[in-house]
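J.: Can you keep this structure in mind? I'll have questions shortly.
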Amino acid sequence: MANKPLSVFVTTYNNGRTLPACLESVKWADEIIVLDSFSTDDTLVVARRYGALISQQMFIGYGPQKQSALTATTHDWVLLLDADEALSPDLQKELRQVLADGPVADGYEMPRQEQMFWRMYHPGTRMNYYLRLFDKRKGLIDDMPIHAAPKIQGSVTRLSSPLYHYGETNIHTKVEKINAYSSGLVADKVRKHRWGIRLIMIVYPPLFFIRSYLFKRNFLNGWAGLINSVIAAFYVFLKYAKLYEHYQFAKYGKGLLPDDAPPLPGEYQPGTGEET
């Protein structure tokens, strides 16, 4: 059946800077759902400007939060967007054509073109594809602690036009994100009983750099591509370094510190990424 109505769902927290571009790119949708985690900036003002249906709840994790927003949608066909993403004009046309003609698959992946610090990805860079448009009757959002994404039971195909991402507009933001993400993934990796951590720390980061810089063609992005690939390799290292640290804390506690060492404020709590 053609002319499928579309619900767009977005989770937000203090995204007033990027949300206008996000919602402007989907203002033609039949419904926009915004689930906010009690923003203190103008996020809600922006959402109301675009006629979004707004609700608020405390942040309960990336996957559960997105699933809550998905549950609030009323149409079968839904589009997941992050608040720092926007559909390119060509992708808007492509999506609207799919919905007008009637989808031939249960889900659609789209390439994401990243802003990499001071520039956008070179078009020749190999972009990652993300499942964002799907029939919600066929799936839900997974429970990954960080990179939560839709999982569907059905056929998936790809669109050709890019989704723009404005999540890493400078090096400081990029490094902050990988620090937070790597801490957030420790508990998940502990649960999965990862082994060979020391070998992974030695071998995987340089291989990941080669994959990013050469095989994904980040060299086309000049110095921004080199910097990005180095940070990406460090992110891989950091995930497993923090996992190793978790096991060392669990094994030794304070046993490797001098007996007469006084307790220090701000002691790191293994596996939480937080300080007391």
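Numbering starts fresh at 1 for the residues of each chain in the structure tokens, the chains themselves are lettered A, B, ... in the order given, and ligands are numbered from 1 as they appear.
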Considering only C-alpha atoms, return as a count of residues only whatever protein or nucleic-acid residues lie within 7 Å of region 1-18 of chain A, sequence-local ones (same chain, fewer than 4 positions apart) excluded.
T.: 35
J.: Skipping near chain neighbours, those fewer than 3 positions away, what residues fall within 8 Å of Ser182 (chain A) using only C-alpha atoms, listed as a PDB file with all heavy atoms, in the first residue's frame?
T.:
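Result written to around.pdb:
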```pdb
ATOM      1  N   ILE A 178      34.729   9.745  23.253  1.00  0.00           N
ATOM      2  CA  ILE A 178      35.334   8.415  23.349  1.00  0.00           C
ATOM      3  C   ILE A 178      35.681   8.075  24.796  1.00  0.00           C
ATOM      4  O   ILE A 178      35.655   6.906  25.187  1.00  0.00           O
ATOM      5  CB  ILE A 178      36.567   8.263  22.430  1.00  0.00           C
ATOM      6  CG1 ILE A 178      37.738   9.114  22.911  1.00  0.00           C
ATOM      7  CG2 ILE A 178      36.214   8.566  20.987  1.00  0.00           C
ATOM      8  CD1 ILE A 178      39.057   8.741  22.244  1.00  0.00           C
ATOM      9  N   ASN A 179      35.964   9.091  25.599  1.00  0.00           N
ATOM     10  CA  ASN A 179      36.228   8.833  27.018  1.00  0.00           C
ATOM     11  C   ASN A 179      34.961   8.349  27.711  1.00  0.00           C
ATOM     12  O   ASN A 179      34.972   7.355  28.450  1.00  0.00           O
ATOM     13  CB  ASN A 179      36.771  10.089  27.688  1.00  0.00           C
ATOM     14  CG  ASN A 179      37.309   9.818  29.077  1.00  0.00           C
ATOM     15  OD1 ASN A 179      37.887   8.761  29.329  1.00  0.00           O
ATOM     16  ND2 ASN A 179      37.118  10.748  29.983  1.00  0.00           N
ATOM     17  N   LEU A 185      31.028   1.295  28.175  1.00  0.00           N
ATOM     18  CA  LEU A 185      31.020  -0.051  27.596  1.00  0.00           C
ATOM     19  C   LEU A 185      31.688  -1.090  28.482  1.00  0.00           C
ATOM     20  O   LEU A 185      31.647  -2.281  28.177  1.00  0.00           O
ATOM     21  CB  LEU A 185      31.716  -0.033  26.225  1.00  0.00           C
ATOM     22  CG  LEU A 185      30.921   0.632  25.100  1.00  0.00           C
ATOM     23  CD1 LEU A 185      31.807   0.839  23.877  1.00  0.00           C
ATOM     24  CD2 LEU A 185      29.705  -0.204  24.726  1.00  0.00           C
ATOM     25  N   VAL A 186      32.322  -0.671  29.588  1.00  0.00           N
ATOM     26  CA  VAL A 186      33.048  -1.625  30.427  1.00  0.00           C
ATOM     27  C   VAL A 186      32.110  -2.704  30.959  1.00  0.00           C
ATOM     28  O   VAL A 186      32.400  -3.900  30.859  1.00  0.00           O
ATOM     29  CB  VAL A 186      33.761  -0.895  31.581  1.00  0.00           C
ATOM     30  CG1 VAL A 186      34.285  -1.909  32.608  1.00  0.00           C
ATOM     31  CG2 VAL A 186      34.916  -0.061  31.049  1.00  0.00           C
ATOM     32  N   TYR A 235      40.449   5.062  20.761  1.00  0.00           N
ATOM     33  CA  TYR A 235      39.171   4.646  21.340  1.00  0.00           C
ATOM     34  C   TYR A 235      39.124   3.128  21.508  1.00  0.00           C
ATOM     35  O   TYR A 235      38.717   2.614  22.555  1.00  0.00           O
ATOM     36  CB  TYR A 235      38.038   5.131  20.445  1.00  0.00           C
ATOM     37  CG  TYR A 235      36.648   4.661  20.833  1.00  0.00           C
ATOM     38  CD1 TYR A 235      36.217   4.695  22.150  1.00  0.00           C
ATOM     39  CD2 TYR A 235      35.755   4.203  19.862  1.00  0.00           C
ATOM     40  CE1 TYR A 235      34.938   4.283  22.501  1.00  0.00           C
ATOM     41  CE2 TYR A 235      34.483   3.794  20.200  1.00  0.00           C
ATOM     42  CZ  TYR A 235      34.083   3.833  21.520  1.00  0.00           C
ATOM     43  OH  TYR A 235      32.823   3.417  21.872  1.00  0.00           O
ATOM     44  N   LEU A 238      41.310   2.330  24.355  1.00  0.00           N
ATOM     45  CA  LEU A 238      40.760   2.783  25.626  1.00  0.00           C
ATOM     46  C   LEU A 238      39.687   1.833  26.144  1.00  0.00           C
ATOM     47  O   LEU A 238      39.595   1.580  27.350  1.00  0.00           O
ATOM     48  CB  LEU A 238      40.184   4.192  25.428  1.00  0.00           C
ATOM     49  CG  LEU A 238      40.131   5.140  26.624  1.00  0.00           C
ATOM     50  CD1 LEU A 238      41.510   5.308  27.239  1.00  0.00           C
ATOM     51  CD2 LEU A 238      39.589   6.492  26.179  1.00  0.00           C
ATOM     52  N   LYS A 239      38.870   1.299  25.250  1.00  0.00           N
ATOM     53  CA  LYS A 239      37.819   0.377  25.678  1.00  0.00           C
ATOM     54  C   LYS A 239      38.410  -0.823  26.407  1.00  0.00           C
ATOM     55  O   LYS A 239      37.905  -1.236  27.462  1.00  0.00           O
ATOM     56  CB  LYS A 239      37.010  -0.101  24.464  1.00  0.00           C
ATOM     57  CG  LYS A 239      36.088   0.942  23.880  1.00  0.00           C
ATOM     58  CD  LYS A 239      35.162   0.342  22.841  1.00  0.00           C
ATOM     59  CE  LYS A 239      35.896  -0.086  21.594  1.00  0.00           C
ATOM     60  NZ  LYS A 239      34.955  -0.556  20.544  1.00  0.00           N
ATOM     61  N   LYS A 242      40.403   0.129  29.774  1.00  0.00           N
ATOM     62  CA  LYS A 242      39.510   0.315  30.922  1.00  0.00           C
ATOM     63  C   LYS A 242      38.935  -1.021  31.397  1.00  0.00           C
ATOM     64  O   LYS A 242      38.699  -1.203  32.597  1.00  0.00           O
ATOM     65  CB  LYS A 242      38.391   1.302  30.559  1.00  0.00           C
ATOM     66  CG  LYS A 242      38.888   2.735  30.425  1.00  0.00           C
ATOM     67  CD  LYS A 242      37.766   3.706  30.110  1.00  0.00           C
ATOM     68  CE  LYS A 242      38.308   5.126  30.016  1.00  0.00           C
ATOM     69  NZ  LYS A 242      37.255   6.125  29.736  1.00  0.00           N
TER      70      LYS A 242
END
```
J.: Mind checking DSSP for region 1-244 of chain A and telling me the alpha helix (DSSP H) residues as an MDAnalysis selection string?
T.: chainID A and resid 19:24 43:49 62:71 89:101 171:184 186:191 197:210 222:244
J.: To test your reading of the structure, identify every residue in region 7-209 of chain A that backbone DSSP assigns to strand (DSSP E or B), and report it as a ChimeraX atom specification.
T.: /A:7-12,31-36,53-56,77-80,85-87,107-116,119-120,129-135,139-141,150-152,156-158,163-165
J.: Using only C-alpha atoms, tabulate the residues of region 125-171 of chain A lying at most 12 Å from any atom of region 200-215 of chain A, each with its closest atom pair and that distance in Å to one decimal, by chain and increasing residue number, as a Markdown table.
T.:
```
| residue | atom | partner | partner_atom | distance |
| --- | --- | --- | --- | --- |
| A:Thr125 | CA | A:Phe215 | CA | 9.1 |
| A:Arg126 | CA | A:Phe215 | CA | 8.0 |
| A:Met127 | CA | A:Ser212 | CA | 10.5 |
| A:Asn128 | CA | A:Ser212 | CA | 11.3 |
```
J.: List the spatial neighbours of Arg112 (chain A) as a ChimeraX atom specification - criterion: any atom at most 7 Å away, only C-alpha atoms, same-chain residues fewer than 6 positions off excluded.
T.: /A:127-129,162-165
J.: Okay, now the selection with C-alpha atoms, as a compact mmCIF listing (two decimals), in the first residue's frame?
T.:
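So the final result, stored in again19.txt, reads:
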```txt
# COMPACT_ATOMS: atom_id res chain seq x y z
CA MET A 127 30.74 5.81 5.06
CA ASN A 128 29.04 3.65 7.65
CA TYR A 129 25.43 2.66 6.99
CA PRO A 162 23.51 10.67 2.97
CA LEU A 163 22.40 11.44 6.48
CA TYR A 164 24.44 14.34 7.90
CA HIS A 165 25.96 14.00 11.37
```
J.: Counting only C-alpha atoms, what is within 10 Å of His122 (chain A), bar same-chain residues fewer than 3 positions away, as a PDB file with all heavy atoms, in the first residue's frame?
T.:
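Saved to selection.pdb:
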```
ATOM      1  N   GLN A 113      27.179  10.790   6.574  1.00  0.00           N
ATOM      2  CA  GLN A 113      28.312  11.650   6.238  1.00  0.00           C
ATOM      3  C   GLN A 113      28.623  12.524   7.445  1.00  0.00           C
ATOM      4  O   GLN A 113      27.800  13.347   7.854  1.00  0.00           O
ATOM      5  CB  GLN A 113      28.007  12.504   5.006  1.00  0.00           C
ATOM      6  CG  GLN A 113      29.209  13.260   4.476  1.00  0.00           C
ATOM      7  CD  GLN A 113      28.930  13.895   3.117  1.00  0.00           C
ATOM      8  OE1 GLN A 113      27.804  13.889   2.637  1.00  0.00           O
ATOM      9  NE2 GLN A 113      29.961  14.424   2.488  1.00  0.00           N
ATOM     10  N   GLU A 114      29.800  12.325   8.016  1.00  0.00           N
ATOM     11  CA  GLU A 114      30.154  12.975   9.269  1.00  0.00           C
ATOM     12  C   GLU A 114      30.798  14.341   9.054  1.00  0.00           C
ATOM     13  O   GLU A 114      31.560  14.524   8.106  1.00  0.00           O
ATOM     14  CB  GLU A 114      31.159  12.105  10.042  1.00  0.00           C
ATOM     15  CG  GLU A 114      30.782  10.641  10.178  1.00  0.00           C
ATOM     16  CD  GLU A 114      29.800  10.399  11.303  1.00  0.00           C
ATOM     17  OE1 GLU A 114      29.574  11.329  12.110  1.00  0.00           O
ATOM     18  OE2 GLU A 114      29.259   9.277  11.381  1.00  0.00           O
ATOM     19  N   GLN A 115      30.486  15.267   9.954  1.00  0.00           N
ATOM     20  CA  GLN A 115      31.348  16.431  10.061  1.00  0.00           C
ATOM     21  C   GLN A 115      32.571  15.994  10.854  1.00  0.00           C
ATOM     22  O   GLN A 115      32.453  15.500  11.981  1.00  0.00           O
ATOM     23  CB  GLN A 115      30.673  17.599  10.779  1.00  0.00           C
ATOM     24  CG  GLN A 115      31.620  18.789  10.917  1.00  0.00           C
ATOM     25  CD  GLN A 115      30.972  20.037  11.484  1.00  0.00           C
ATOM     26  OE1 GLN A 115      29.758  20.141  11.509  1.00  0.00           O
ATOM     27  NE2 GLN A 115      31.785  20.968  11.930  1.00  0.00           N
ATOM     28  N   MET A 116      33.735  16.145  10.265  1.00  0.00           N
ATOM     29  CA  MET A 116      34.977  15.737  10.898  1.00  0.00           C
ATOM     30  C   MET A 116      35.761  16.992  11.257  1.00  0.00           C
ATOM     31  O   MET A 116      36.495  17.545  10.437  1.00  0.00           O
ATOM     32  CB  MET A 116      35.789  14.840   9.951  1.00  0.00           C
ATOM     33  CG  MET A 116      37.048  14.256  10.568  1.00  0.00           C
ATOM     34  SD  MET A 116      38.022  13.336   9.347  1.00  0.00           S
ATOM     35  CE  MET A 116      36.899  11.998   8.969  1.00  0.00           C
ATOM     36  N   ARG A 119      35.715  20.080   8.746  1.00  0.00           N
ATOM     37  CA  ARG A 119      35.245  19.774   7.395  1.00  0.00           C
ATOM     38  C   ARG A 119      34.251  18.616   7.442  1.00  0.00           C
ATOM     39  O   ARG A 119      34.109  17.941   8.466  1.00  0.00           O
ATOM     40  CB  ARG A 119      36.425  19.393   6.506  1.00  0.00           C
ATOM     41  CG  ARG A 119      37.213  18.162   7.000  1.00  0.00           C
ATOM     42  CD  ARG A 119      38.160  17.629   5.931  1.00  0.00           C
ATOM     43  NE  ARG A 119      37.412  17.173   4.778  1.00  0.00           N
ATOM     44  CZ  ARG A 119      37.943  17.041   3.551  1.00  0.00           C
ATOM     45  NH1 ARG A 119      39.220  17.333   3.349  1.00  0.00           N
ATOM     46  NH2 ARG A 119      37.219  16.613   2.545  1.00  0.00           N
ATOM     47  N   THR A 125      35.099   9.002   0.891  1.00  0.00           N
ATOM     48  CA  THR A 125      35.324   8.234   2.115  1.00  0.00           C
ATOM     49  C   THR A 125      34.257   7.145   2.231  1.00  0.00           C
ATOM     50  O   THR A 125      33.092   7.368   1.906  1.00  0.00           O
ATOM     51  CB  THR A 125      35.240   9.153   3.345  1.00  0.00           C
ATOM     52  OG1 THR A 125      36.107  10.270   3.168  1.00  0.00           O
ATOM     53  CG2 THR A 125      35.645   8.404   4.613  1.00  0.00           C
ATOM     54  N   ARG A 126      34.672   5.979   2.672  1.00  0.00           N
ATOM     55  CA  ARG A 126      33.693   4.908   2.885  1.00  0.00           C
ATOM     56  C   ARG A 126      32.884   5.211   4.132  1.00  0.00           C
ATOM     57  O   ARG A 126      33.411   5.257   5.234  1.00  0.00           O
ATOM     58  CB  ARG A 126      34.399   3.558   3.028  1.00  0.00           C
ATOM     59  CG  ARG A 126      34.986   3.025   1.727  1.00  0.00           C
ATOM     60  CD  ARG A 126      35.589   1.657   1.909  1.00  0.00           C
ATOM     61  NE  ARG A 126      34.595   0.686   2.348  1.00  0.00           N
ATOM     62  CZ  ARG A 126      34.878  -0.568   2.713  1.00  0.00           C
ATOM     63  NH1 ARG A 126      36.145  -0.987   2.706  1.00  0.00           N
ATOM     64  NH2 ARG A 126      33.930  -1.393   3.091  1.00  0.00           N
ATOM     65  N   MET A 127      31.608   5.431   3.950  1.00  0.00           N
ATOM     66  CA  MET A 127      30.744   5.811   5.062  1.00  0.00           C
ATOM     67  C   MET A 127      30.096   4.582   5.685  1.00  0.00           C
ATOM     68  O   MET A 127      29.868   3.565   5.020  1.00  0.00           O
ATOM     69  CB  MET A 127      29.661   6.782   4.571  1.00  0.00           C
ATOM     70  CG  MET A 127      30.219   8.059   3.967  1.00  0.00           C
ATOM     71  SD  MET A 127      28.907   9.164   3.387  1.00  0.00           S
ATOM     72  CE  MET A 127      29.821  10.167   2.211  1.00  0.00           C
ATOM     73  N   ARG A 217      39.357   4.937   3.627  1.00  0.00           N
ATOM     74  CA  ARG A 217      39.795   6.070   2.805  1.00  0.00           C
ATOM     75  C   ARG A 217      39.736   7.413   3.540  1.00  0.00           C
ATOM     76  O   ARG A 217      39.443   8.455   2.954  1.00  0.00           O
ATOM     77  CB  ARG A 217      38.988   6.125   1.499  1.00  0.00           C
ATOM     78  CG  ARG A 217      39.161   4.890   0.634  1.00  0.00           C
ATOM     79  CD  ARG A 217      38.622   5.106  -0.754  1.00  0.00           C
ATOM     80  NE  ARG A 217      37.193   5.059  -0.825  1.00  0.00           N
ATOM     81  CZ  ARG A 217      36.464   3.974  -1.064  1.00  0.00           C
ATOM     82  NH1 ARG A 217      37.065   2.813  -1.264  1.00  0.00           N
ATOM     83  NH2 ARG A 217      35.150   4.040  -1.135  1.00  0.00           N
ATOM     84  N   ASN A 218      40.067   7.385   4.823  1.00  0.00           N
ATOM     85  CA  ASN A 218      40.134   8.639   5.563  1.00  0.00           C
ATOM     86  C   ASN A 218      41.283   9.524   5.108  1.00  0.00           C
ATOM     87  O   ASN A 218      41.300  10.719   5.417  1.00  0.00           O
ATOM     88  CB  ASN A 218      40.245   8.367   7.070  1.00  0.00           C
ATOM     89  CG  ASN A 218      38.940   8.637   7.800  1.00  0.00           C
ATOM     90  OD1 ASN A 218      38.389   9.728   7.699  1.00  0.00           O
ATOM     91  ND2 ASN A 218      38.452   7.650   8.522  1.00  0.00           N
ATOM     92  N   PHE A 219      42.231   8.956   4.368  1.00  0.00           N
ATOM     93  CA  PHE A 219      43.326   9.772   3.840  1.00  0.00           C
ATOM     94  C   PHE A 219      42.796  10.850   2.892  1.00  0.00           C
ATOM     95  O   PHE A 219      43.448  11.875   2.673  1.00  0.00           O
ATOM     96  CB  PHE A 219      44.364   8.901   3.137  1.00  0.00           C
ATOM     97  CG  PHE A 219      43.845   8.126   1.968  1.00  0.00           C
ATOM     98  CD1 PHE A 219      43.796   8.696   0.697  1.00  0.00           C
ATOM     99  CD2 PHE A 219      43.401   6.818   2.119  1.00  0.00           C
ATOM    100  CE1 PHE A 219      43.302   7.989  -0.395  1.00  0.00           C
ATOM    101  CE2 PHE A 219      42.917   6.095   1.033  1.00  0.00           C
ATOM    102  CZ  PHE A 219      42.864   6.681  -0.222  1.00  0.00           C
ATOM    103  N   LEU A 220      41.602  10.639   2.338  1.00  0.00           N
ATOM    104  CA  LEU A 220      41.004  11.652   1.462  1.00  0.00           C
ATOM    105  C   LEU A 220      40.598  12.909   2.230  1.00  0.00           C
ATOM    106  O   LEU A 220      40.366  13.958   1.626  1.00  0.00           O
ATOM    107  CB  LEU A 220      39.775  11.068   0.757  1.00  0.00           C
ATOM    108  CG  LEU A 220      40.037   9.928  -0.232  1.00  0.00           C
ATOM    109  CD1 LEU A 220      38.724   9.351  -0.728  1.00  0.00           C
ATOM    110  CD2 LEU A 220      40.879  10.415  -1.409  1.00  0.00           C
ATOM    111  N   ASN A 221      40.522  12.810   3.555  1.00  0.00           N
ATOM    112  CA  ASN A 221      40.112  13.942   4.375  1.00  0.00           C
ATOM    113  C   ASN A 221      41.296  14.738   4.924  1.00  0.00           C
ATOM    114  O   ASN A 221      41.129  15.538   5.851  1.00  0.00           O
ATOM    115  CB  ASN A 221      39.233  13.442   5.530  1.00  0.00           C
ATOM    116  CG  ASN A 221      37.938  12.843   5.035  1.00  0.00           C
ATOM    117  OD1 ASN A 221      37.183  13.490   4.306  1.00  0.00           O
ATOM    118  ND2 ASN A 221      37.679  11.595   5.392  1.00  0.00           N
ATOM    119  N   GLY A 222      42.485  14.508   4.369  1.00  0.00           N
ATOM    120  CA  GLY A 222      43.654  15.278   4.760  1.00  0.00           C
ATOM    121  C   GLY A 222      44.026  15.062   6.215  1.00  0.00           C
ATOM    122  O   GLY A 222      43.890  13.965   6.764  1.00  0.00           O
ATOM    123  N   GLY A 225      41.434  13.635   8.510  1.00  0.00           N
ATOM    124  CA  GLY A 225      41.296  12.190   8.426  1.00  0.00           C
ATOM    125  C   GLY A 225      42.352  11.460   9.229  1.00  0.00           C
ATOM    126  O   GLY A 225      42.078  10.431   9.866  1.00  0.00           O
TER     127      GLY A 225
END
```
J.: Using only C-alpha atoms, find the one residue out of A:Asp90, A:Glu168, A:Asp259, A:Glu176 that sits nearest to Asn228 (chain A).
T.: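 Under the stated criterion, the closest residue is A:Glu168.
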J.: To one decimal place, how far is CA of Arg194 (chain A) from CA of Tyr247 (chain A) in Å?
T.: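 Going from CA of Arg194 (chain A) over to CA of Tyr247 (chain A), I get 11.1 Å.
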J.: I'd like to know which of A:Gly124, A:Gly167, A:Glu94, A:Pro89 is closest to Lys216 (chain A), using only C-alpha atoms.
T.: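 Nearest to Lys216 (chain A): A:Gly124.
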J.: At what distance in Å, to one decimal, does CA of Glu24 (chain A) lie from CA of Arg132 (chain A)?
T.: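 Result for CA of Arg132 (chain A) versus CA of Glu24 (chain A): 17.3 Å, one decimal.
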J.: From the set A:Ile54, A:Ala180, A:Leu91, A:Ala148, which residue has the shortest atom-to-atom contact distance to Ser160 (chain A), counting only C-alpha atoms?
T.: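 That would be A:Leu91, the residue with the smallest distance to Ser160 (chain A).
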